[in-house]
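Everything on this sheet refers to the single structure shown next.
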Amino acid sequence: MFAVRIHGRGGQGAVTAAELLSVAAFDEGRHAQAFPTFGSERTGAPVVSFCRIDDLPIRLREPIAHPDALVVQDPTLLHQVDLFAGLGDDGYLLVNTGRSVADLVEHAGIGDVVHRLRPDRVATVPATEIAREQLGRPLPNAALLGGLAALTGQVSLRAVCDAIQDRFPGEVGAGNVRAAEAAHRHVRATSARTTRA
């Protein structure tokens with residue numbers, strides 16, 4: 001089983017991102033589930049969403065305490081909550097920021113986490129900026145899914161794009177697909193991992 005925890009803020013689409021990831025996995029013939037948990041019901045409040053992917057039926061329903069991958073939609077959360085709880089040394093970390101991993105280590109105080117992970121399993125992607133370019137709006141979730149597909153190889157970029165287009169028809173979907181593709185290229189260019197196209 002591959003477990004993903006997505007940390008964001010209300011209004012950023014962490015819930016949508018987990019749902020789209022589960023649809024992408026399901027469309028590739030795997031079992032998947034996605035669900036959120038909310039701290040407080042206000043715009044800007046921290047939100048955590050979860051997605052499990054497996055080749056077998058998934059019976060678990062509790063929140064993911066030990067994720068295989070951690071996605072951080074808002075880098076300001078790096079200082080506000082214990083994001084890294086349960087992330088093992090073999091985990092993946094994807095952070096939405098224009099900063100490099102080295103810059104985050106130096107300025108965000110997450111060196112202890114980053115240094116225990118394999119270098120090819122840690123990446124940053126300017127998902128918000130990519131979304132602004134492709135959609136005209138700062139909605140990073142589709143771009144982050146493209147980046148996550150490149151980093152982990154758990155779902156293909158094609159499956160992510162198909163899930164996006166199914167959920168968002170027309171130009172909104174096309175813009176989100178472009179954002180996912182751009183983020184996928186970015187992560188592949190900055191990561192040593194070779195993944196499924």
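Letters A, B, ... mark the chains of the structure tokens in the order given; residue numbers begin at 1 per chain; ligand numbers begin at 1, in order shown.
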(message) For region 126-137 of chain A, find every residue with an atom within 8 Å (counting only C-alpha atoms), except residues of its own chain fewer than 4 positions away, and show them as a PyMOL selection string.
(response) chain A and resi 96-99+141+143-144+172+175-176+178-179+182-183
Distance table requested - region 57-106 of chain A against region 8-20 of chain A, cut-off 12 Å, only C-alpha atoms: one row per qualifying residue with the closest atom pair and its distance in Å to one decimal, ordered by chain and rising residue number, as a Markdown table.
```
| residue | atom | partner | partner_atom | distance |
| --- | --- | --- | --- | --- |
| A:Leu70 | CA | A:Gly8 | CA | 11.0 |
| A:Val71 | CA | A:Gly8 | CA | 8.5 |
| A:Val72 | CA | A:Gly8 | CA | 6.3 |
| A:Gln73 | CA | A:Gly8 | CA | 4.8 |
| A:Asp74 | CA | A:Gly8 | CA | 5.5 |
| A:Pro75 | CA | A:Gly8 | CA | 8.8 |
| A:Thr76 | CA | A:Gly8 | CA | 9.6 |
| A:Leu77 | CA | A:Gly8 | CA | 7.7 |
| A:Leu78 | CA | A:Gly8 | CA | 10.5 |
| A:Gln80 | CA | A:Gly8 | CA | 11.6 |
| A:Val81 | CA | A:Gly8 | CA | 10.9 |
| A:Leu83 | CA | A:Gly8 | CA | 10.4 |
| A:Val95 | CA | A:Gly8 | CA | 10.6 |
| A:Asn96 | CA | A:Gly8 | CA | 9.9 |
```
Tell me which protein, DNA and RNA residues are within 10 Å of Leu60 (chain A), counting only C-alpha atoms, leaving out same-chain ones fewer than 4 positions away, and put them as a PDB file with C-alpha atoms, in the first residue's frame.
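So result.pdb came out as:
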```
ATOM      1  CA  GLN A  33      -9.405   5.885  -1.277  1.00  0.00           C
ATOM      2  CA  ARG A  52      -4.187   5.332  -0.131  1.00  0.00           C
ATOM      3  CA  ILE A  64      -2.554   8.129   7.695  1.00  0.00           C
TER       4      ILE A  64
END
```
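Closest approach to Ala24 (chain A) from the set A:Arg167, A:His7, A:Arg61, A:His115 is made by A:Arg167, with distances taken over only C-alpha atoms.
The space separating CA of Gly29 (chain A) from CA of Arg185 (chain A) comes to 24.6 Å.
In this structure, CA of Ala142 (chain A) sits 23.7 Å away from CA of Asp55 (chain A).
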Which residues are close to Ser156 (chain A), i.e. within 12 Å by only C-alpha atoms, leaving aside same-chain residues fewer than 6 positions away? Reply as a PDB file with all heavy atoms, in the first residue's frame.
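Below is the file out.pdb, written as the result:
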```pdb
ATOM      1  N   LEU A  21      -6.004  12.204  -7.134  1.00  0.00           N
ATOM      2  CA  LEU A  21      -4.971  11.170  -7.069  1.00  0.00           C
ATOM      3  C   LEU A  21      -5.605   9.788  -6.970  1.00  0.00           C
ATOM      4  O   LEU A  21      -5.177   8.845  -7.647  1.00  0.00           O
ATOM      5  CB  LEU A  21      -4.049  11.434  -5.881  1.00  0.00           C
ATOM      6  CG  LEU A  21      -2.899  10.466  -5.687  1.00  0.00           C
ATOM      7  CD1 LEU A  21      -1.986  10.421  -6.910  1.00  0.00           C
ATOM      8  CD2 LEU A  21      -2.109  10.840  -4.433  1.00  0.00           C
ATOM      9  N   VAL A  23      -8.589   8.904  -8.052  1.00  0.00           N
ATOM     10  CA  VAL A  23      -9.211   8.609  -9.345  1.00  0.00           C
ATOM     11  C   VAL A  23      -8.158   8.163 -10.356  1.00  0.00           C
ATOM     12  O   VAL A  23      -8.367   7.213 -11.111  1.00  0.00           O
ATOM     13  CB  VAL A  23     -10.008   9.825  -9.864  1.00  0.00           C
ATOM     14  CG1 VAL A  23     -10.432   9.632 -11.311  1.00  0.00           C
ATOM     15  CG2 VAL A  23     -11.221  10.076  -8.975  1.00  0.00           C
ATOM     16  N   ALA A  24      -7.005   8.845 -10.364  1.00  0.00           N
ATOM     17  CA  ALA A  24      -5.927   8.471 -11.280  1.00  0.00           C
ATOM     18  C   ALA A  24      -5.474   7.036 -11.018  1.00  0.00           C
ATOM     19  O   ALA A  24      -5.291   6.251 -11.956  1.00  0.00           O
ATOM     20  CB  ALA A  24      -4.752   9.440 -11.141  1.00  0.00           C
ATOM     21  N   ALA A  25      -5.305   6.680  -9.751  1.00  0.00           N
ATOM     22  CA  ALA A  25      -4.897   5.311  -9.416  1.00  0.00           C
ATOM     23  C   ALA A  25      -5.980   4.310  -9.805  1.00  0.00           C
ATOM     24  O   ALA A  25      -5.684   3.254 -10.370  1.00  0.00           O
ATOM     25  CB  ALA A  25      -4.591   5.218  -7.920  1.00  0.00           C
ATOM     26  N   PHE A  26      -7.225   4.639  -9.507  1.00  0.00           N
ATOM     27  CA  PHE A  26      -8.348   3.753  -9.842  1.00  0.00           C
ATOM     28  C   PHE A  26      -8.415   3.525 -11.354  1.00  0.00           C
ATOM     29  O   PHE A  26      -8.632   2.399 -11.813  1.00  0.00           O
ATOM     30  CB  PHE A  26      -9.650   4.353  -9.319  1.00  0.00           C
ATOM     31  CG  PHE A  26     -10.848   3.493  -9.559  1.00  0.00           C
ATOM     32  CD1 PHE A  26     -11.097   2.391  -8.760  1.00  0.00           C
ATOM     33  CD2 PHE A  26     -11.722   3.768 -10.603  1.00  0.00           C
ATOM     34  CE1 PHE A  26     -12.202   1.578  -8.984  1.00  0.00           C
ATOM     35  CE2 PHE A  26     -12.821   2.962 -10.837  1.00  0.00           C
ATOM     36  CZ  PHE A  26     -13.062   1.868 -10.033  1.00  0.00           C
ATOM     37  N   ASP A  27      -8.212   4.596 -12.128  1.00  0.00           N
ATOM     38  CA  ASP A  27      -8.256   4.481 -13.581  1.00  0.00           C
ATOM     39  C   ASP A  27      -7.137   3.606 -14.136  1.00  0.00           C
ATOM     40  O   ASP A  27      -7.240   3.102 -15.253  1.00  0.00           O
ATOM     41  CB  ASP A  27      -8.206   5.867 -14.233  1.00  0.00           C
ATOM     42  CG  ASP A  27      -9.511   6.632 -14.077  1.00  0.00           C
ATOM     43  OD1 ASP A  27     -10.526   6.021 -13.668  1.00  0.00           O
ATOM     44  OD2 ASP A  27      -9.524   7.847 -14.358  1.00  0.00           O
ATOM     45  N   GLU A  28      -6.089   3.425 -13.353  1.00  0.00           N
ATOM     46  CA  GLU A  28      -5.000   2.532 -13.761  1.00  0.00           C
ATOM     47  C   GLU A  28      -5.204   1.113 -13.234  1.00  0.00           C
ATOM     48  O   GLU A  28      -4.293   0.291 -13.281  1.00  0.00           O
ATOM     49  CB  GLU A  28      -3.654   3.093 -13.286  1.00  0.00           C
ATOM     50  CG  GLU A  28      -3.251   4.326 -14.059  1.00  0.00           C
ATOM     51  CD  GLU A  28      -1.836   4.795 -13.776  1.00  0.00           C
ATOM     52  OE1 GLU A  28      -1.400   4.756 -12.604  1.00  0.00           O
ATOM     53  OE2 GLU A  28      -1.159   5.195 -14.741  1.00  0.00           O
ATOM     54  N   GLY A  29      -6.407   0.847 -12.714  1.00  0.00           N
ATOM     55  CA  GLY A  29      -6.740  -0.505 -12.287  1.00  0.00           C
ATOM     56  C   GLY A  29      -6.362  -0.835 -10.862  1.00  0.00           C
ATOM     57  O   GLY A  29      -6.361  -2.004 -10.473  1.00  0.00           O
ATOM     58  N   LEU A 145       0.063  17.367  -8.231  1.00  0.00           N
ATOM     59  CA  LEU A 145      -0.151  15.969  -8.624  1.00  0.00           C
ATOM     60  C   LEU A 145       0.772  15.568  -9.766  1.00  0.00           C
ATOM     61  O   LEU A 145       1.269  14.436  -9.800  1.00  0.00           O
ATOM     62  CB  LEU A 145      -1.611  15.738  -8.992  1.00  0.00           C
ATOM     63  CG  LEU A 145      -2.595  15.825  -7.835  1.00  0.00           C
ATOM     64  CD1 LEU A 145      -4.010  15.574  -8.339  1.00  0.00           C
ATOM     65  CD2 LEU A 145      -2.226  14.859  -6.719  1.00  0.00           C
ATOM     66  N   GLY A 146       1.001  16.466 -10.697  1.00  0.00           N
ATOM     67  CA  GLY A 146       1.965  16.181 -11.759  1.00  0.00           C
ATOM     68  C   GLY A 146       3.363  15.983 -11.193  1.00  0.00           C
ATOM     69  O   GLY A 146       4.087  15.061 -11.590  1.00  0.00           O
ATOM     70  N   GLY A 147       3.726  16.834 -10.232  1.00  0.00           N
ATOM     71  CA  GLY A 147       5.024  16.690  -9.578  1.00  0.00           C
ATOM     72  C   GLY A 147       5.132  15.405  -8.782  1.00  0.00           C
ATOM     73  O   GLY A 147       6.164  14.729  -8.798  1.00  0.00           O
ATOM     74  N   LEU A 148       4.054  15.041  -8.095  1.00  0.00           N
ATOM     75  CA  LEU A 148       4.054  13.809  -7.308  1.00  0.00           C
ATOM     76  C   LEU A 148       4.172  12.577  -8.209  1.00  0.00           C
ATOM     77  O   LEU A 148       4.881  11.627  -7.886  1.00  0.00           O
ATOM     78  CB  LEU A 148       2.783  13.726  -6.461  1.00  0.00           C
ATOM     79  CG  LEU A 148       2.708  12.570  -5.475  1.00  0.00           C
ATOM     80  CD1 LEU A 148       3.780  12.692  -4.394  1.00  0.00           C
ATOM     81  CD2 LEU A 148       1.323  12.498  -4.856  1.00  0.00           C
ATOM     82  N   ALA A 149       3.508  12.610  -9.357  1.00  0.00           N
ATOM     83  CA  ALA A 149       3.627  11.505 -10.319  1.00  0.00           C
ATOM     84  C   ALA A 149       5.074  11.351 -10.779  1.00  0.00           C
ATOM     85  O   ALA A 149       5.587  10.229 -10.886  1.00  0.00           O
ATOM     86  CB  ALA A 149       2.696  11.737 -11.508  1.00  0.00           C
ATOM     87  N   ALA A 150       5.751  12.460 -11.022  1.00  0.00           N
ATOM     88  CA  ALA A 150       7.151  12.408 -11.447  1.00  0.00           C
ATOM     89  C   ALA A 150       8.054  11.908 -10.329  1.00  0.00           C
ATOM     90  O   ALA A 150       8.974  11.123 -10.566  1.00  0.00           O
ATOM     91  CB  ALA A 150       7.605  13.786 -11.919  1.00  0.00           C
ATOM     92  N   ASP A 162      -5.914  12.599 -17.116  1.00  0.00           N
ATOM     93  CA  ASP A 162      -7.262  12.095 -17.402  1.00  0.00           C
ATOM     94  C   ASP A 162      -8.215  12.382 -16.245  1.00  0.00           C
ATOM     95  O   ASP A 162      -9.366  12.785 -16.448  1.00  0.00           O
ATOM     96  CB  ASP A 162      -7.232  10.593 -17.687  1.00  0.00           C
ATOM     97  CG  ASP A 162      -6.601  10.256 -19.030  1.00  0.00           C
ATOM     98  OD1 ASP A 162      -6.419  11.182 -19.859  1.00  0.00           O
ATOM     99  OD2 ASP A 162      -6.286   9.071 -19.246  1.00  0.00           O
ATOM    100  N   ALA A 163      -7.740  12.188 -15.004  1.00  0.00           N
ATOM    101  CA  ALA A 163      -8.575  12.467 -13.830  1.00  0.00           C
ATOM    102  C   ALA A 163      -8.928  13.946 -13.759  1.00  0.00           C
ATOM    103  O   ALA A 163     -10.069  14.314 -13.436  1.00  0.00           O
ATOM    104  CB  ALA A 163      -7.856  12.024 -12.559  1.00  0.00           C
ATOM    105  N   ALA A 180      -0.164  20.449 -14.560  1.00  0.00           N
ATOM    106  CA  ALA A 180       0.353  19.146 -14.133  1.00  0.00           C
ATOM    107  C   ALA A 180       1.545  18.734 -14.995  1.00  0.00           C
ATOM    108  O   ALA A 180       2.557  18.237 -14.483  1.00  0.00           O
ATOM    109  CB  ALA A 180      -0.751  18.096 -14.200  1.00  0.00           C
ATOM    110  N   GLU A 181       1.429  18.938 -16.286  1.00  0.00           N
ATOM    111  CA  GLU A 181       2.523  18.574 -17.201  1.00  0.00           C
ATOM    112  C   GLU A 181       3.773  19.412 -16.930  1.00  0.00           C
ATOM    113  O   GLU A 181       4.887  18.887 -16.922  1.00  0.00           O
ATOM    114  CB  GLU A 181       2.066  18.738 -18.647  1.00  0.00           C
ATOM    115  CG  GLU A 181       1.016  17.731 -19.062  1.00  0.00           C
ATOM    116  CD  GLU A 181       0.378  18.018 -20.408  1.00  0.00           C
ATOM    117  OE1 GLU A 181       0.458  19.170 -20.895  1.00  0.00           O
ATOM    118  OE2 GLU A 181      -0.219  17.078 -20.970  1.00  0.00           O
ATOM    119  N   HIS A 184       5.356  18.226 -13.722  1.00  0.00           N
ATOM    120  CA  HIS A 184       5.980  16.926 -13.967  1.00  0.00           C
ATOM    121  C   HIS A 184       7.343  17.126 -14.619  1.00  0.00           C
ATOM    122  O   HIS A 184       8.340  16.517 -14.187  1.00  0.00           O
ATOM    123  CB  HIS A 184       5.052  16.096 -14.867  1.00  0.00           C
ATOM    124  CG  HIS A 184       5.441  14.668 -14.995  1.00  0.00           C
ATOM    125  ND1 HIS A 184       6.321  14.215 -15.960  1.00  0.00           N
ATOM    126  CD2 HIS A 184       5.066  13.571 -14.293  1.00  0.00           C
ATOM    127  CE1 HIS A 184       6.468  12.916 -15.846  1.00  0.00           C
ATOM    128  NE2 HIS A 184       5.718  12.485 -14.838  1.00  0.00           N
ATOM    129  N   THR A 194      13.789   8.272 -12.249  1.00  0.00           N
ATOM    130  CA  THR A 194      13.148   8.020 -13.539  1.00  0.00           C
ATOM    131  C   THR A 194      11.830   7.316 -13.272  1.00  0.00           C
ATOM    132  O   THR A 194      11.786   6.320 -12.580  1.00  0.00           O
ATOM    133  CB  THR A 194      14.030   7.134 -14.438  1.00  0.00           C
ATOM    134  OG1 THR A 194      15.302   7.759 -14.574  1.00  0.00           O
ATOM    135  CG2 THR A 194      13.417   6.934 -15.782  1.00  0.00           C
ATOM    136  N   THR A 195      10.746   7.859 -13.836  1.00  0.00           N
ATOM    137  CA  THR A 195       9.421   7.315 -13.549  1.00  0.00           C
ATOM    138  C   THR A 195       8.675   6.995 -14.833  1.00  0.00           C
ATOM    139  O   THR A 195       9.128   7.310 -15.926  1.00  0.00           O
ATOM    140  CB  THR A 195       8.591   8.325 -12.730  1.00  0.00           C
ATOM    141  OG1 THR A 195       8.465   9.503 -13.508  1.00  0.00           O
ATOM    142  CG2 THR A 195       9.238   8.636 -11.412  1.00  0.00           C
ATOM    143  N   ARG A 196       7.492   6.396 -14.628  1.00  0.00           N
ATOM    144  CA  ARG A 196       6.620   6.125 -15.769  1.00  0.00           C
ATOM    145  C   ARG A 196       6.138   7.439 -16.373  1.00  0.00           C
ATOM    146  O   ARG A 196       5.861   8.380 -15.670  1.00  0.00           O
ATOM    147  CB  ARG A 196       5.398   5.336 -15.322  1.00  0.00           C
ATOM    148  CG  ARG A 196       5.695   3.959 -14.851  1.00  0.00           C
ATOM    149  CD  ARG A 196       4.416   3.248 -14.526  1.00  0.00           C
ATOM    150  NE  ARG A 196       4.006   3.619 -13.176  1.00  0.00           N
ATOM    151  CZ  ARG A 196       2.870   3.264 -12.639  1.00  0.00           C
ATOM    152  NH1 ARG A 196       2.014   2.561 -13.317  1.00  0.00           N
ATOM    153  NH2 ARG A 196       2.564   3.607 -11.421  1.00  0.00           N
ATOM    154  N   ALA A 197       5.992   7.486 -17.697  1.00  0.00           N
ATOM    155  CA  ALA A 197       5.437   8.665 -18.359  1.00  0.00           C
ATOM    156  C   ALA A 197       3.980   8.580 -18.237  1.00  0.00           C
ATOM    157  O   ALA A 197       3.156   9.233 -18.003  1.00  0.00           O
ATOM    158  CB  ALA A 197       5.849   8.715 -19.817  1.00  0.00           C
TER     159      ALA A 197
END
```
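Straight-line separation from CA of Ile58 (chain A) to CA of Thr37 (chain A): 18.5 Å.
Distance annotation: of A:Asp54, A:Ala65, A:Leu151, A:Ser22, the residue with the minimal separation from His186 (chain A) is A:Leu151; atom set is only C-alpha atoms.
Inside region 17-112 of chain A, the residues DSSP reads as strand (DSSP E or B) when given the backbone are His31, Ala32, Gln33, Ala34, Phe35, Pro36, Thr37, Phe38, Pro46, Val47, Val48, Ser49, Phe50, Cys51, Arg52, Ile53, Asp54, Ala69, Leu70, Val71, Val72, Tyr92, Leu93, Leu94, Val95 and Asn96 of chain A.
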Just to be explicit: take each residue in the selection above, keep N, CA, C and O atoms, and write the result as a compact mmCIF listing (two decimals), in the first residue's frame.
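Once everything was written out, this is again27.txt:
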```txt
# COMPACT_ATOMS: atom_id res chain seq x y z
N HIS A 31 -6.73 -0.07 -6.51
CA HIS A 31 -7.69 0.32 -5.49
C HIS A 31 -7.19 1.62 -4.86
O HIS A 31 -5.97 1.81 -4.70
N ALA A 32 -8.12 2.51 -4.50
CA ALA A 32 -7.72 3.79 -3.92
C ALA A 32 -8.84 4.34 -3.05
O ALA A 32 -10.01 4.03 -3.25
N GLN A 33 -8.44 5.15 -2.10
CA GLN A 33 -9.40 5.88 -1.28
C GLN A 33 -8.81 7.24 -0.95
O GLN A 33 -7.60 7.40 -0.88
N ALA A 34 -9.67 8.23 -0.79
CA ALA A 34 -9.25 9.58 -0.43
C ALA A 34 -10.26 10.15 0.55
O ALA A 34 -11.46 9.95 0.40
N PHE A 35 -9.74 10.88 1.55
CA PHE A 35 -10.62 11.53 2.51
C PHE A 35 -9.85 12.62 3.24
O PHE A 35 -8.63 12.57 3.35
N PRO A 36 -10.55 13.64 3.72
CA PRO A 36 -9.90 14.76 4.42
C PRO A 36 -10.13 14.71 5.92
O PRO A 36 -10.96 13.94 6.42
N THR A 37 -9.42 15.56 6.61
CA THR A 37 -9.70 15.90 7.99
C THR A 37 -9.52 17.40 8.13
O THR A 37 -8.62 17.98 7.51
N PHE A 38 -10.37 18.03 8.86
CA PHE A 38 -10.35 19.48 9.00
C PHE A 38 -10.10 19.85 10.45
O PHE A 38 -10.70 19.28 11.35
N PRO A 46 -5.53 25.15 8.42
CA PRO A 46 -4.84 23.95 7.93
C PRO A 46 -5.81 22.81 7.64
O PRO A 46 -6.76 22.58 8.39
N VAL A 47 -5.57 22.14 6.53
CA VAL A 47 -6.38 21.00 6.10
C VAL A 47 -5.42 19.87 5.76
O VAL A 47 -4.37 20.09 5.16
N VAL A 48 -5.78 18.66 6.14
CA VAL A 48 -4.99 17.49 5.80
C VAL A 48 -5.90 16.52 5.04
O VAL A 48 -7.00 16.24 5.48
N SER A 49 -5.42 16.06 3.89
CA SER A 49 -6.14 15.06 3.12
C SER A 49 -5.25 13.83 2.97
O SER A 49 -4.02 13.93 3.00
N PHE A 50 -5.89 12.71 2.80
CA PHE A 50 -5.19 11.44 2.73
C PHE A 50 -5.60 10.68 1.47
O PHE A 50 -6.74 10.76 1.04
N CYS A 51 -4.65 9.92 0.93
CA CYS A 51 -4.95 9.04 -0.20
C CYS A 51 -4.15 7.76 -0.02
O CYS A 51 -2.93 7.81 0.23
N ARG A 52 -4.84 6.64 -0.14
CA ARG A 52 -4.19 5.33 -0.13
C ARG A 52 -4.36 4.70 -1.50
O ARG A 52 -5.44 4.77 -2.09
N ILE A 53 -3.29 4.04 -1.97
CA ILE A 53 -3.29 3.36 -3.26
C ILE A 53 -2.74 1.96 -3.04
O ILE A 53 -1.71 1.79 -2.39
N ASP A 54 -3.43 0.96 -3.59
CA ASP A 54 -2.95 -0.40 -3.42
C ASP A 54 -3.45 -1.26 -4.58
O ASP A 54 -4.39 -0.89 -5.28
N ALA A 69 4.42 9.22 1.31
CA ALA A 69 4.70 10.49 0.64
C ALA A 69 3.97 11.61 1.37
O ALA A 69 2.85 11.44 1.82
N LEU A 70 4.65 12.74 1.44
CA LEU A 70 4.10 13.92 2.08
C LEU A 70 4.13 15.06 1.07
O LEU A 70 5.18 15.33 0.47
N VAL A 71 2.98 15.68 0.85
CA VAL A 71 2.88 16.81 -0.07
C VAL A 71 2.51 18.03 0.76
O VAL A 71 1.54 18.01 1.52
N VAL A 72 3.29 19.11 0.60
CA VAL A 72 3.05 20.34 1.35
C VAL A 72 2.62 21.41 0.35
O VAL A 72 3.44 21.91 -0.43
N TYR A 92 8.83 10.04 0.65
CA TYR A 92 8.95 11.08 -0.37
C TYR A 92 8.43 12.39 0.21
O TYR A 92 7.46 12.39 0.97
N LEU A 93 9.06 13.49 -0.19
CA LEU A 93 8.63 14.82 0.24
C LEU A 93 8.57 15.74 -0.97
O LEU A 93 9.55 15.89 -1.69
N LEU A 94 7.40 16.35 -1.18
CA LEU A 94 7.21 17.32 -2.26
C LEU A 94 6.65 18.60 -1.65
O LEU A 94 5.61 18.57 -0.99
N VAL A 95 7.35 19.72 -1.87
CA VAL A 95 6.96 21.00 -1.29
C VAL A 95 6.67 21.99 -2.40
O VAL A 95 7.46 22.15 -3.34
N ASN A 96 5.55 22.68 -2.28
CA ASN A 96 5.15 23.72 -3.22
C ASN A 96 5.91 25.00 -2.88
O ASN A 96 5.54 25.74 -1.97
```
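Backbone DSSP assigns alpha helix (DSSP H) in region 25-142 of chain A to Ala25, Phe26, Asp27, Val101, Ala102, Asp103, Leu104, Val105, Glu106, His107, Gly111, Asp112, Val113, Val114, His115, Arg116, Ala127, Thr128, Glu129, Ile130, Ala131, Arg132, Glu133, Gln134, Leu135, Asn141 and Ala142 of chain A.
With only C-alpha atoms as the atoms that count, the residue of A:Gly153, A:Gly91, A:Gly109, A:Pro57 with the shortest distance to Met1 (chain A) is A:Pro57.
Counting only C-alpha atoms, the residue from A:Leu117, A:Leu139, A:Ala123, A:Ala85 that sits nearest to Ala102 (chain A) is A:Ala123.
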(request) Tell me which protein, DNA and RNA residues are within 10 Å of Asp89 (chain A), counting only C-alpha atoms, leaving out same-chain ones fewer than 4 positions away, and put them as a ChimeraX atom specification. (result) /A:68,113-118,121
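For the residues A:Asp166, A:Asp112, A:Glu106, A:Asp120, ranking by smallest atom-to-atom distance to Thr152 (chain A) using only C-alpha atoms places A:Asp120 first.
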